[in-house]
Amino acid sequence: MGTVLWQIGRTGETVPEYVLNYAENQTADYPTTLGAYRFAELVERQTNGRIKVIVQPEAELGAEKEVLRQMKYGGIDFARISLSQLAELIPEMNALQMPYLYRDSTHMWEVLSGEIGDYFLEKAGEVGLVGLSWYDAGVRNFYTSQKQITCLEDLQGMTIRVQESDMMADMVEALGATAVQIAYSEVYSSIQLGEVDGAENNWPSYKAMNHDEVAKYYTVDEHTRVPEMQLVSAHTWEKLSEEDQEIILECAKESARLERRLWKLQEKQSQEKAVKNGTVVIEISDEEKERFRAAVEPVYQKYCGEYMDIIERIREL
């Protein structure tokens, strides 16, 4: 847990009772980091300076996997972690990130804001964490260099880069393409050199890494929406009073609302910049999306066979 200090300074000014750290792997101007800064600001204000949260962006405290390990033992107090990382510790969380699961953004937030979302926030307790709120990480789509993806058949024979995730690789293979796991930093050159036909990611990442320069066809198929969770170490949480716990919980929820607004804005701006730079946007019809969804059904059985009841509840909402 962060440093504990005396409450009253020499001159009578209020000194933090707790100084806690917050791990964030994105840059200082990224929506999730700005959400973290807002969280820290709110906590300090609501506790009249008794609790100070220091946000450390750009993976200063380590990659997400290492951050999770340290949080389990109280070495790091707060963090924002991708659900894909949490699912490695709690496989049931795969049920929230399956391909073509959500109809749209509204559907996902209806799920996360209700009983199902609360259930998974509580599930974090199984690995020494406390779930505070949900952050947005956008929606991922395919983009290609030579050939447009307008229907399921277009993916046949293509080679698509995916992140280092077996589930994402299985999804691409189920759609008929060949999946290649390549480091994020190498995607640009891999497309440019023709080693892969394309990749998949959200609008901000596509534009930030200049992938629009080498893959101008962007197909909005919305295959995955992977939410992220704002967390606190159970070691830290248990040392706080119930009043302070309630304050932190409310501040986390308020920061999440800001992060969602910032993410939408960044998505819009990134798309506009890419289109201005020559990106061709291809929209997939609802009927075609159903074909994509049916094609990845084996992936559900492999990763969520035990949790299909949750999948059905999500689909029915």
# chains A, B, ... in the order shown; residues from 1 in each chain; ligands from 1
call {"tool": "closest_atom_pairs", "arguments": {"of": "range 216-295 of chain A", "to": "range 37-52 of chain A", "cutoff": "6 Å", "atoms": "only C-alpha atoms", "output": "CSV"}}
result
residue,atom,partner,partner_atom,distance
A:Cys251,CA,A:Phe39,CA,5.6
A:Ala252,CA,A:Phe39,CA,5.8
A:Ser255,CA,A:Phe39,CA,5.2
call {"tool": "write_last_selection", "arguments": {"atoms": "all heavy atoms", "output": "compact mmCIF listing (two decimals), in the first residue's frame"}}
result
# COMPACT_ATOMS: atom_id res chain seq x y z
N CYS A 251 -16.06 8.33 -6.69
CA CYS A 251 -15.09 9.05 -7.54
C CYS A 251 -14.71 8.21 -8.75
O CYS A 251 -14.51 8.73 -9.85
CB CYS A 251 -13.84 9.40 -6.73
SG CYS A 251 -14.12 10.63 -5.43
N ALA A 252 -14.60 6.89 -8.56
CA ALA A 252 -14.28 5.99 -9.66
C ALA A 252 -15.39 6.01 -10.71
O ALA A 252 -15.12 6.04 -11.91
CB ALA A 252 -14.06 4.58 -9.14
N SER A 255 -15.25 9.31 -12.60
CA SER A 255 -14.13 9.36 -13.54
C SER A 255 -14.42 8.50 -14.76
O SER A 255 -13.99 8.83 -15.87
CB SER A 255 -12.84 8.88 -12.85
OG SER A 255 -12.79 7.47 -12.71
call {"tool": "select_by_dssp", "arguments": {"residues": "range 82-284 of chain A", "states": "strand (DSSP E)", "output": "ChimeraX atom specification"}}
result
/A:82,129-135,139-144,159-162,178-181,198-201,217-225,228-233,280-283
call {"tool": "residues_around", "arguments": {"residues": "Asp197 in chain A", "least_positions_apart": "2", "cutoff": "6 Å", "atoms": "only C-alpha atoms", "output": "ChimeraX atom specification"}}
result
/A:144-145,159-160
call {"tool": "residues_around", "arguments": {"residues": "Leu132 in chain A", "least_positions_apart": "3", "cutoff": "9 Å", "atoms": "only C-alpha atoms", "output": "PyMOL selection string"}}
result
chain A and resi 121-122+229-232+248-250+252-253
call {"tool": "atom_distance", "arguments": {"atom1": "CA of Ser241 in chain A", "atom2": "CA of Met93 in chain A"}}
result
29.1 Å
call {"tool": "atom_distance", "arguments": {"atom1": "CA of Asp104 in chain A", "atom2": "CA of Tyr30 in chain A"}}
result
22.8 Å
call {"tool": "closest_residue", "arguments": {"among": "A:Arg313, A:Lys65, A:His211, A:Arg80", "to": "Pro227 in chain A", "atoms": "only C-alpha atoms"}}
result
A:Arg80
call {"tool": "residues_around", "arguments": {"residues": "Glu222 in chain A", "least_positions_apart": "6", "cutoff": "10 Å", "atoms": "only C-alpha atoms", "output": "list in words"}}
result
Pro99, Tyr100, Leu101, Tyr102, Arg103, Asp104, Ser105, Gly138, Val139, Arg140, Asn141, Phe142, Glu200, Asn201, Asn202, Glu283, Ile284 and Lys289 of chain A
call {"tool": "closest_residue", "arguments": {"among": "A:Arg161, A:Arg291, A:Ile310, A:Ile247", "to": "Tyr119 in chain A", "atoms": "only C-alpha atoms"}}
result
A:Ile310
call {"tool": "select_by_dssp", "arguments": {"residues": "range 89-270 of chain A", "states": "alpha helix (DSSP H)", "output": "short mmCIF file (atom, residue, chain, number, x, y, z; two decimals) with C-alpha atoms, in the first residue's frame"}}
result
data_model
loop_
_atom_site.label_atom_id
_atom_site.label_comp_id
_atom_site.auth_asym_id
_atom_site.auth_seq_id
_atom_site.Cartn_x
_atom_site.Cartn_y
_atom_site.Cartn_z
CA LEU A 89 -6.76 -14.87 -14.03
CA SER A 105 -22.17 0.48 -27.62
CA THR A 106 -25.53 1.10 -25.97
CA HIS A 107 -26.05 -2.64 -25.54
CA MET A 108 -22.62 -3.10 -23.91
CA TRP A 109 -23.14 -0.28 -21.44
CA GLU A 110 -26.58 -1.62 -20.57
CA VAL A 111 -24.86 -4.90 -19.66
CA LEU A 112 -22.00 -3.31 -17.70
CA GLU A 115 -26.47 -6.80 -12.58
CA ILE A 116 -24.05 -8.57 -14.92
CA GLY A 117 -21.53 -5.74 -14.75
CA ASP A 118 -21.79 -5.62 -10.95
CA TYR A 119 -21.31 -9.38 -10.79
CA PHE A 120 -18.02 -9.17 -12.68
CA LEU A 121 -16.78 -6.21 -10.61
CA GLU A 122 -17.25 -8.44 -7.57
CA LYS A 123 -15.50 -11.35 -9.32
CA ASP A 166 -5.31 -16.94 -28.65
CA MET A 167 -8.97 -16.03 -28.63
CA MET A 168 -8.47 -13.27 -31.21
CA ALA A 169 -6.45 -15.64 -33.38
CA ASP A 170 -9.21 -18.27 -33.15
CA MET A 171 -11.81 -15.64 -34.10
CA VAL A 172 -9.92 -14.64 -37.25
CA GLU A 173 -9.38 -18.29 -38.20
CA ALA A 174 -13.10 -19.02 -37.68
CA VAL A 187 2.19 -3.85 -37.60
CA TYR A 188 2.96 -0.86 -39.87
CA SER A 189 6.01 -2.48 -41.48
CA SER A 190 4.30 -5.88 -41.70
CA ILE A 191 1.46 -4.40 -43.75
CA GLN A 192 3.80 -2.18 -45.77
CA TRP A 203 -10.03 4.04 -34.64
CA PRO A 204 -7.66 5.86 -32.22
CA SER A 205 -5.01 3.12 -32.43
CA TYR A 206 -5.38 2.86 -36.23
CA LYS A 207 -4.72 6.58 -36.63
CA ALA A 208 -2.17 7.04 -33.83
CA ALA A 234 -7.84 -5.54 -1.68
CA HIS A 235 -4.90 -4.88 0.70
CA THR A 236 -5.38 -1.13 0.20
CA TRP A 237 -9.17 -1.31 0.31
CA GLU A 238 -9.30 -3.13 3.64
CA GLU A 242 -16.13 2.50 5.07
CA GLU A 243 -16.63 6.23 4.52
CA ASP A 244 -13.43 6.49 2.47
CA GLN A 245 -14.35 3.35 0.53
CA GLU A 246 -17.67 4.92 -0.43
CA ILE A 247 -15.94 8.15 -1.51
CA ILE A 248 -13.44 6.24 -3.68
CA LEU A 249 -16.22 4.18 -5.27
CA GLU A 250 -18.20 7.29 -6.22
CA CYS A 251 -15.09 9.05 -7.54
CA ALA A 252 -14.28 5.99 -9.66
CA LYS A 253 -17.75 6.00 -11.19
CA GLU A 254 -17.55 9.73 -11.91
CA SER A 255 -14.13 9.36 -13.54
CA ALA A 256 -15.51 6.53 -15.69
CA ARG A 257 -18.26 8.81 -17.02
CA LEU A 258 -15.62 11.34 -18.05
CA GLU A 259 -13.45 8.67 -19.66
CA ARG A 260 -16.35 7.42 -21.78
CA ARG A 261 -17.03 10.95 -23.05
CA LEU A 262 -13.35 11.48 -23.86
CA TRP A 263 -13.14 8.13 -25.64
CA LYS A 264 -16.11 8.96 -27.88
CA LEU A 265 -14.51 12.28 -28.76
CA GLN A 266 -11.16 10.67 -29.58
CA GLU A 267 -12.84 8.01 -31.70
CA LYS A 268 -14.67 10.67 -33.69
CA GLN A 269 -11.57 12.82 -34.18
CA SER A 270 -9.41 9.84 -35.18
#
call {"tool": "closest_residue", "arguments": {"among": "A:Val226, A:Glu164, A:Gly35, A:Asn25", "to": "Tyr184 in chain A", "atoms": "only C-alpha atoms"}}
result
A:Glu164
call {"tool": "closest_residue", "arguments": {"among": "A:Asp29, A:Asp136, A:Glu186, A:Glu17", "to": "Asn210 in chain A", "atoms": "only C-alpha atoms"}}
result
A:Glu186
call {"tool": "closest_residue", "arguments": {"among": "A:Asp221, A:Glu213, A:Glu228, A:Glu312", "to": "Lys273 in chain A", "atoms": "only C-alpha atoms"}}
result
A:Glu213
call {"tool": "decode", "arguments": {"residues": "range 209-240 of chain A", "atoms": "N, CA, C and O atoms", "output": "compact mmCIF listing (two decimals), in the first residue's frame"}}
result
# COMPACT_ATOMS: atom_id res chain seq x y z
N MET A 209 -1.04 5.13 -34.83
CA MET A 209 0.12 4.39 -35.33
C MET A 209 0.30 4.55 -36.84
O MET A 209 1.12 3.87 -37.46
N ASN A 210 -0.49 5.47 -37.43
CA ASN A 210 -0.39 5.78 -38.87
C ASN A 210 -0.65 4.57 -39.77
O ASN A 210 -0.15 4.49 -40.89
N HIS A 211 -1.45 3.64 -39.29
CA HIS A 211 -1.78 2.47 -40.10
C HIS A 211 -2.64 2.86 -41.30
O HIS A 211 -2.71 2.10 -42.28
N ASP A 212 -3.26 4.03 -41.24
CA ASP A 212 -4.05 4.50 -42.38
C ASP A 212 -3.17 4.78 -43.60
O ASP A 212 -3.67 4.83 -44.73
N GLU A 213 -1.88 4.93 -43.40
CA GLU A 213 -0.96 5.17 -44.51
C GLU A 213 -0.71 3.90 -45.34
O GLU A 213 -0.40 3.99 -46.52
N VAL A 214 -0.85 2.75 -44.70
CA VAL A 214 -0.53 1.49 -45.39
C VAL A 214 -1.75 0.57 -45.55
O VAL A 214 -1.68 -0.44 -46.26
N ALA A 215 -2.85 0.89 -44.88
CA ALA A 215 -4.07 0.07 -44.98
C ALA A 215 -5.27 1.01 -45.00
O ALA A 215 -5.83 1.35 -43.97
N LYS A 216 -5.66 1.43 -46.21
CA LYS A 216 -6.67 2.49 -46.31
C LYS A 216 -8.10 1.99 -46.27
O LYS A 216 -9.04 2.79 -46.20
N TYR A 217 -8.32 0.67 -46.34
CA TYR A 217 -9.69 0.14 -46.30
C TYR A 217 -10.05 -0.26 -44.87
O TYR A 217 -9.49 -1.21 -44.32
N TYR A 218 -10.98 0.46 -44.26
CA TYR A 218 -11.37 0.23 -42.87
C TYR A 218 -12.81 -0.27 -42.83
O TYR A 218 -13.74 0.45 -43.16
N THR A 219 -12.97 -1.54 -42.44
CA THR A 219 -14.29 -2.18 -42.44
C THR A 219 -14.89 -2.17 -41.04
O THR A 219 -14.34 -2.76 -40.11
N VAL A 220 -16.02 -1.49 -40.90
CA VAL A 220 -16.67 -1.37 -39.59
C VAL A 220 -17.54 -2.60 -39.34
O VAL A 220 -18.75 -2.59 -39.57
N ASP A 221 -16.89 -3.68 -38.88
CA ASP A 221 -17.65 -4.90 -38.55
C ASP A 221 -17.90 -5.01 -37.05
O ASP A 221 -18.71 -5.80 -36.61
N GLU A 222 -17.17 -4.21 -36.25
CA GLU A 222 -17.36 -4.14 -34.79
C GLU A 222 -17.28 -5.53 -34.14
O GLU A 222 -18.16 -5.93 -33.41
N HIS A 223 -16.18 -6.25 -34.43
CA HIS A 223 -16.12 -7.62 -33.94
C HIS A 223 -15.91 -7.75 -32.44
O HIS A 223 -16.40 -8.68 -31.83
N THR A 224 -15.17 -6.84 -31.83
CA THR A 224 -15.03 -6.94 -30.38
C THR A 224 -15.08 -5.59 -29.69
O THR A 224 -14.53 -4.60 -30.17
N ARG A 225 -15.75 -5.58 -28.57
CA ARG A 225 -15.75 -4.46 -27.63
C ARG A 225 -15.21 -5.03 -26.33
O ARG A 225 -15.85 -5.88 -25.72
N VAL A 226 -14.02 -4.61 -25.94
CA VAL A 226 -13.39 -5.15 -24.73
C VAL A 226 -13.35 -4.05 -23.67
O VAL A 226 -12.49 -3.16 -23.73
N PRO A 227 -14.25 -4.09 -22.71
CA PRO A 227 -14.24 -3.06 -21.65
C PRO A 227 -13.01 -3.21 -20.76
O PRO A 227 -12.33 -4.24 -20.78
N GLU A 228 -12.73 -2.20 -19.99
CA GLU A 228 -11.61 -2.22 -19.07
C GLU A 228 -12.12 -1.89 -17.66
O GLU A 228 -13.13 -1.22 -17.51
N MET A 229 -11.40 -2.37 -16.66
CA MET A 229 -11.87 -2.23 -15.29
C MET A 229 -10.91 -1.37 -14.47
O MET A 229 -9.70 -1.53 -14.54
N GLN A 230 -11.49 -0.47 -13.70
CA GLN A 230 -10.72 0.32 -12.75
C GLN A 230 -10.72 -0.44 -11.43
O GLN A 230 -11.79 -0.83 -10.93
N LEU A 231 -9.53 -0.66 -10.88
CA LEU A 231 -9.39 -1.57 -9.75
C LEU A 231 -8.59 -0.95 -8.61
O LEU A 231 -7.81 -0.03 -8.81
N VAL A 232 -8.80 -1.52 -7.41
CA VAL A 232 -7.98 -1.19 -6.26
C VAL A 232 -7.55 -2.50 -5.61
O VAL A 232 -8.29 -3.48 -5.62
N SER A 233 -6.35 -2.52 -5.07
CA SER A 233 -5.87 -3.71 -4.37
C SER A 233 -6.71 -3.95 -3.12
O SER A 233 -7.04 -3.01 -2.39
N ALA A 234 -7.07 -5.20 -2.88
CA ALA A 234 -7.84 -5.54 -1.68
C ALA A 234 -7.06 -5.17 -0.42
O ALA A 234 -7.66 -4.80 0.60
N HIS A 235 -5.73 -5.26 -0.46
CA HIS A 235 -4.90 -4.88 0.70
C HIS A 235 -5.11 -3.41 1.03
O HIS A 235 -5.24 -3.03 2.20
N THR A 236 -5.16 -2.57 0.00
CA THR A 236 -5.38 -1.13 0.20
C THR A 236 -6.80 -0.88 0.68
O THR A 236 -7.03 -0.13 1.64
N TRP A 237 -7.75 -1.51 0.03
CA TRP A 237 -9.17 -1.31 0.31
C TRP A 237 -9.50 -1.60 1.77
O TRP A 237 -10.24 -0.86 2.42
N GLU A 238 -8.96 -2.69 2.28
CA GLU A 238 -9.30 -3.13 3.64
C GLU A 238 -8.73 -2.22 4.72
O GLU A 238 -9.19 -2.25 5.87
N LYS A 239 -7.75 -1.39 4.39
CA LYS A 239 -7.17 -0.47 5.37
C LYS A 239 -7.90 0.87 5.42
O LYS A 239 -7.62 1.70 6.28
N LEU A 240 -8.84 1.05 4.51
CA LEU A 240 -9.60 2.30 4.46
C LEU A 240 -10.91 2.17 5.23
O LEU A 240 -11.48 1.08 5.32
